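Student: Below you will find the structure I want to go over with you.
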Amino acid sequence: MAHGENSPTPQSKVNKSEPDKYPTVAVLTISDRSAHGLRKDLSGPAVVQSIHRLTGWNCTKTDIVADDITEISSKLSRWADEDKINLIITTGGTGMSIRDVTPEATLAVIEREAPGLMEAVRAASLSITPYAMLSRAIAGTRGRSLIINLPGNPKAVDEALTILATALPHAVDLISDHHTNSQHHSRKPDIDPQ
């Protein structure tokens, strides 16, 4: 495969969602080492597994790119504008390292920020580790796509998605006009993060 078109998860594990029934989900792993084949991608498959376990949604696209603002922004824009992906989740590049540029790349493509999502993750994660306050992850929308940055650690990915899963169905419904369940406005989410 050409650079930038890696599939970190075997295609047998990437399931096609029914577009009229479930939202489309794409996972972008951001890692210099994984993009260059120097390290196996563990966080992308962790996102695929966690999102399915928590929401029942299947991942429709996966890819790996290096920690490069242009590569990241290009992939996010293409998935949102051309592929019309409902939920785009990035993993990696959200910390304080000089090569961690995922938030900057995401800011370059989103039209509206959704700060409450990552505020909730950071607040809950502080009870697990004080390093949660070092996260620069953001979330926002581009067109009818919700883009969320997650950390690159598989355990932290699952912890963050467990927190977000309570709001994701409603958020995706609102921005995508998917409206899989119109009762979201009047009821408490079914998912208990505990």
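The chains in the structure tokens are called A, B, ... from first to last as shown; in each chain the residues are counted from 1, and the ligands are counted from 1 in the order shown.
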What parts of segment 1-187 of chain A does DSSP call strand (DSSP E or B)? I'd like the answer as a list in words.

Tutor: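 Strand (DSSP E or B) members of segment 1-187 of chain A, listed: Val25, Ala26, Val27, Leu28, Thr29, Ile30, Lys61, Thr62, Asp63, Ile64, Val65, Leu87, Ile88, Ile89, Thr90, Thr91, Arg112, Glu113, Ala139, Gly140, Thr141, Arg142, Ser145, Leu146, Ile147, Ile148, Asn149 and Leu150 of chain A.
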
Student: Go ahead and save the picked residues with N, CA and C atoms, as an mmCIF file, in the first residue's frame.

Tutor:
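Okay, out-v6.cif is ready:
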data_model
loop_
_atom_site.group_PDB
_atom_site.id
_atom_site.type_symbol
_atom_site.label_atom_id
_atom_site.label_comp_id
_atom_site.auth_asym_id
_atom_site.auth_seq_id
_atom_site.Cartn_x
_atom_site.Cartn_y
_atom_site.Cartn_z
ATOM 1 N N VAL A 25 -18.083 5.440 10.862
ATOM 2 C CA VAL A 25 -17.028 5.764 11.823
ATOM 3 C C VAL A 25 -15.682 5.510 11.160
ATOM 4 N N ALA A 26 -14.765 6.464 11.288
ATOM 5 C CA ALA A 26 -13.405 6.297 10.777
ATOM 6 C C ALA A 26 -12.419 6.561 11.906
ATOM 7 N N VAL A 27 -11.324 5.810 11.898
ATOM 8 C CA VAL A 27 -10.293 5.940 12.931
ATOM 9 C C VAL A 27 -8.962 6.246 12.257
ATOM 10 N N LEU A 28 -8.347 7.338 12.673
ATOM 11 C CA LEU A 28 -7.057 7.747 12.137
ATOM 12 C C LEU A 28 -6.004 7.682 13.237
ATOM 13 N N THR A 29 -5.048 6.776 13.076
ATOM 14 C CA THR A 29 -3.922 6.682 13.994
ATOM 15 C C THR A 29 -2.853 7.660 13.539
ATOM 16 N N ILE A 30 -2.354 8.442 14.482
ATOM 17 C CA ILE A 30 -1.335 9.440 14.166
ATOM 18 C C ILE A 30 -0.078 9.081 14.941
ATOM 19 N N LYS A 61 -13.717 2.891 8.159
ATOM 20 C CA LYS A 61 -12.413 3.245 7.580
ATOM 21 C C LYS A 61 -11.379 3.348 8.689
ATOM 22 N N THR A 62 -10.153 2.948 8.371
ATOM 23 C CA THR A 62 -9.015 3.160 9.262
ATOM 24 C C THR A 62 -7.822 3.563 8.415
ATOM 25 N N ASP A 63 -6.913 4.302 9.030
ATOM 26 C CA ASP A 63 -5.679 4.661 8.350
ATOM 27 C C ASP A 63 -4.656 5.092 9.393
ATOM 28 N N ILE A 64 -3.409 5.184 8.946
ATOM 29 C CA ILE A 64 -2.305 5.659 9.783
ATOM 30 C C ILE A 64 -1.589 6.751 9.011
ATOM 31 N N VAL A 65 -1.296 7.866 9.700
ATOM 32 C CA VAL A 65 -0.474 8.922 9.108
ATOM 33 C C VAL A 65 0.586 9.328 10.124
ATOM 34 N N LEU A 87 -18.562 10.100 12.198
ATOM 35 C CA LEU A 87 -17.709 10.224 13.379
ATOM 36 C C LEU A 87 -16.284 9.859 12.996
ATOM 37 N N ILE A 88 -15.376 10.825 13.179
ATOM 38 C CA ILE A 88 -13.966 10.619 12.894
ATOM 39 C C ILE A 88 -13.213 10.710 14.214
ATOM 40 N N ILE A 89 -12.515 9.639 14.554
ATOM 41 C CA ILE A 89 -11.760 9.603 15.804
ATOM 42 C C ILE A 89 -10.281 9.492 15.477
ATOM 43 N N THR A 90 -9.502 10.421 16.005
ATOM 44 C CA THR A 90 -8.050 10.328 15.862
ATOM 45 C C THR A 90 -7.490 9.757 17.152
ATOM 46 N N THR A 91 -6.357 9.082 17.040
ATOM 47 C CA THR A 91 -5.676 8.570 18.224
ATOM 48 C C THR A 91 -4.189 8.864 18.095
ATOM 49 N N ARG A 112 -16.561 24.243 13.933
ATOM 50 C CA ARG A 112 -17.051 24.600 15.266
ATOM 51 C C ARG A 112 -16.419 23.663 16.285
ATOM 52 N N GLU A 113 -15.967 24.230 17.398
ATOM 53 C CA GLU A 113 -15.420 23.402 18.468
ATOM 54 C C GLU A 113 -16.552 22.826 19.314
ATOM 55 N N ALA A 139 -12.198 18.516 20.203
ATOM 56 C CA ALA A 139 -13.276 17.921 19.410
ATOM 57 C C ALA A 139 -14.011 19.052 18.714
ATOM 58 N N GLY A 140 -14.599 18.726 17.580
ATOM 59 C CA GLY A 140 -15.358 19.734 16.850
ATOM 60 C C GLY A 140 -16.040 19.135 15.650
ATOM 61 N N THR A 141 -16.716 19.991 14.900
ATOM 62 C CA THR A 141 -17.452 19.520 13.732
ATOM 63 C C THR A 141 -16.943 20.169 12.458
ATOM 64 N N ARG A 142 -17.064 19.410 11.398
ATOM 65 C CA ARG A 142 -16.819 19.913 10.046
ATOM 66 C C ARG A 142 -17.973 19.391 9.211
ATOM 67 N N SER A 145 -19.782 16.050 10.115
ATOM 68 C CA SER A 145 -18.853 15.109 10.748
ATOM 69 C C SER A 145 -18.429 15.620 12.110
ATOM 70 N N LEU A 146 -18.393 14.716 13.082
ATOM 71 C CA LEU A 146 -17.850 15.020 14.393
ATOM 72 C C LEU A 146 -16.443 14.446 14.443
ATOM 73 N N ILE A 147 -15.469 15.287 14.779
ATOM 74 C CA ILE A 147 -14.066 14.874 14.845
ATOM 75 C C ILE A 147 -13.620 14.964 16.298
ATOM 76 N N ILE A 148 -13.059 13.864 16.805
ATOM 77 C CA ILE A 148 -12.628 13.793 18.197
ATOM 78 C C ILE A 148 -11.194 13.294 18.257
ATOM 79 N N ASN A 149 -10.348 14.011 19.010
ATOM 80 C CA ASN A 149 -8.970 13.581 19.258
ATOM 81 C C ASN A 149 -8.922 12.747 20.528
ATOM 82 N N LEU A 150 -8.268 11.595 20.456
ATOM 83 C CA LEU A 150 -8.035 10.759 21.627
ATOM 84 C C LEU A 150 -6.537 10.552 21.802
#

Student: Can you list every residue of segment 42-74 of chain A that has an atom at most 10 Å from segment 99-102 of chain A, with its nearest atom pair and the distance in Å to one decimal, using only C-alpha atoms, ordered by chain then number, as a Markdown table?

Tutor:
| residue | atom | partner | partner_atom | distance |
| --- | --- | --- | --- | --- |
| A:Ala66 | CA | A:Arg99 | CA | 9.5 |
| A:Asp67 | CA | A:Arg99 | CA | 6.1 |
| A:Asp68 | CA | A:Val101 | CA | 6.8 |
| A:Ile69 | CA | A:Val101 | CA | 6.2 |
| A:Thr70 | CA | A:Val101 | CA | 9.9 |
| A:Ile72 | CA | A:Thr102 | CA | 7.1 |
| A:Ser73 | CA | A:Thr102 | CA | 8.6 |

Student: Between A:Ala120, A:Ile85, A:Val157, A:Ile98, which one has atoms that come closest to Ser43 of chain A, using only C-alpha atoms?

Tutor: A:Val157

Student: Between atom CA of His52 of chain A and atom CA of Lys21 of chain A, what is the spacing in Å?

Tutor: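 Separation between atom CA of Lys21 of chain A and atom CA of His52 of chain A: 14.5 Å.
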
Student: Tell me, as a list in words, which residues lie within 9 Å of His36 of chain A, counting only C-alpha atoms; anything in the same chain fewer than 3 positions away does not count.

Tutor: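 The residues satisfying every condition are His3, Ser31, Asp32, Arg33, Arg39, Val65 and Ala66 of chain A.
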
Student: Return the single residue from A:Leu168, A:Val121, A:Leu76, A:Lys84 that is closest to Leu107 of chain A, with distances computed using only C-alpha atoms.

Tutor: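 Among the listed residues, A:Leu76 lies closest to Leu107 of chain A.
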
Student: Just give me the gap between atom CA of Cys59 of chain A and atom CA of Trp79 of chain A in Å, one decimal is fine.

Tutor: 12.9 Å

Student: Where in segment 30-111 of chain A does DSSP assign helix (DSSP H, G or I), given as a ChimeraX atom specification?

Tutor: /A:32-35,43-55,69-81,102-109

Student: So that I can see what lies close to Ile51 of chain A, please list as JSON, numbers by chain the residues with an atom at most 9 Å from it, counting only C-alpha atoms and leaving out residues fewer than 5 positions away in the same chain.

Tutor: {"A": [25, 46, 56, 57, 58, 59, 158, 161, 162, 165]}

Student: Taking only C-alpha atoms into account, which of A:Leu126, A:Met133, A:Ala167, A:Ala80 comes nearest Met96 of chain A?

Tutor: A:Met133

Student: Using only C-alpha atoms for the distances, tell me which of A:Ile138, A:Ala132, A:Leu117, A:Ala171 is nearest to Pro103 of chain A.

Tutor: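 Closest candidate: A:Ile138.
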
Student: Determine the nearest neighbour of Leu174 of chain A from the options A:Asn153, A:Asn86, A:Thr106, A:Thr94, counting only C-alpha atoms.

Tutor: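 Between A:Asn153, A:Asn86, A:Thr106, A:Thr94, the residue approaching Leu174 of chain A most closely is A:Asn86.
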
Student: Go through A:Ser50, A:Thr55, A:Thr60, A:Ser97 and flag the residue nearest Lys155 of chain A, using only C-alpha atoms for the distances.

Tutor: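 Answer, going by the shortest atom-to-atom distance: A:Ser50.
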